[in-house]
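Just below is one structure, and these are the notes that go with it.
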Amino acid sequence: MASLDSPRDSPRPPARRASLGARVGVLALQGDVREHALTLEALGSVAVPVRRASELAGIDGLILPGGESTTIDKLTRIFGLAEPLKDAMRNGMPMYGSCAGMIMLADRIADPSCDQHGNPQQTIGGLDMVVRRNAFGRQRESFETTLRFEGLDRPDTAGDDGPGTQRREADTVQAVFIRAPWVEKVGDGVRVLASIPAADIPDPGNDLPAHQLTPAGVARIVAVRSGTLLATSFHPEVTGERRVHELFIRMIRGEA
Ligand code: GLN
């Protein structure tokens with residue numbers, strides 16, 4: 001929409017790359033809260049740590065960070081946040097989950113961890129998909145790659161980097177995978193935004209069960225969107241990558 005500069009008296013200037021304003025909560029029970037907050041603030045948004053249900057009232061969207069999904073699950077229930085989070089989602093609050101956060105937004109986990117009584121970990125859900133935890137193998141706990149990612153176009157900010165600025169290729173992001181899940185199956189309403197081809201997955205050796213090895217020619221789903229929900233297997237926030245957060249803020253603002 002806002003592809004031209006607004007007249008001086010415009011009450012609402014168009015979104016600029018340097019200032020993508022929104023109040024975005026970051027679930028701050030466990031995980032890499034600070035990195036998400038810094039990325040949001042670098043984009044001109046306000047990051048609001050969320051530890052209790054009442055704090056959901058003042059935000060426009062919520063990020064569920066990476067960490068450990070079993071711990072985040074336990075803490076959301078202990079802090080009385082699980083039901084309020086589901087309510088907020090039902091009422092349309094945009095949410096973005098990275099890594100453990102992706103697991104928290106999945107309707108189903110292929111291999112949930114169980115507590116000592118045999119109760120499987122729970123999720124908030126919302127995304128009609130099955131995720132597999134630690135899918136790329138533990139022995140390679142971390143790797144980084146460049147991924148093609150759909151939907152990053154920003155027609156309203158094209159050219160903002162100024163003349164002569166080297167721009168990153170429009171449709172790629174820098175992605176770090178840390179004991180990451182992949183998405184094993186998606187329902188009809190879930191759009192795949194990024195997949196990682198077998199050739200870019202580090203060789204896990206012989207430690208993975210056969211069903212987790214990725215045959216040549218196959219790609220694993222690592223980013224999805226459905227309506228106002230976004231999830232990535234990887235952490236964009238630890239490399240200085242901002243484009244996924246930018247997309248999320250544009251989703252919050254109804255611009256993507
Ligand atoms: N393996 C973790 C889990 O199951 C996710 C790891 C991460 O968020 N970096 O929750």
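By convention in this document, the chains of the structure tokens carry letters A, B, ... by their order, each chain's residues are numbered from 1, and ligands are numbered from 1 in the order they are shown.
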
**Request:** Check every protein, DNA and RNA residue against ligand 1, keep those with an atom at most 7 Å away (counting only C-alpha atoms and all ligand atoms), and present them as a ChimeraX atom specification.
**Result:** /A:66-70,98-101,103,133-134,178-181

**Request:** Could you find all residues in range 53-248 of chain A that DSSP calls helix (DSSP H, G or I) from the backbone, and write them as a PyMOL selection string?
**Result:** chain A and resi 53-56+69-78+82-90+100-105+155-157+198-200+210-212+243-248

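The smallest atom-to-atom distance between Gly205 in chain A and any of A:Lys86, A:Leu81, A:Pro112, A:Arg138, using only C-alpha atoms, is found for A:Arg138.
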
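Interatomic distance, CA of Leu27 in chain A to CA of Val224 in chain A: 19.8 Å.
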
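In this comparison, which uses only C-alpha atoms, the residue of A:Asp115, A:Asp107, A:Glu150, A:Asp60 approaching Gly92 in chain A most closely is A:Asp60.
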
**Prompt:** Counting only C-alpha atoms, which of A:Leu62, A:Ala231, A:Ala88, A:Ala57 gets nearest to Ala37 in chain A?
**Reply:** A:Leu62

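Nearest residue to Leu208 in chain A among A:Leu229, A:Ala135, A:Val192, A:Val186 is A:Ala135, counting only C-alpha atoms.
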
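If only C-alpha atoms are the atoms counted, then among A:Ala22, A:Ile63, A:Val222, A:Ala53 the closest residue to Ala194 in chain A is A:Val222.
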
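Checking A:Leu127, A:Val176, A:Leu38, A:Ile252 one by one against Arg191 in chain A, counting only C-alpha atoms, you find the shortest gap at A:Leu127.
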
**Message:** Taking the DSSP secondary structure from the backbone, can you list the residues of range 181-244 of chain A that are strand (DSSP E), as a PyMOL selection string?
**Reply:** chain A and resi 182-186+191-197+219-226+229-232

**Message:** At a cut-off of 8 Å, using only C-alpha atoms, what residues contact Arg132 in chain A? Leave out same-chain residues fewer than 2 positions from it and give the result as number ranges by chain.
**Reply:** A: 109-111, 130, 134-135, 181-184
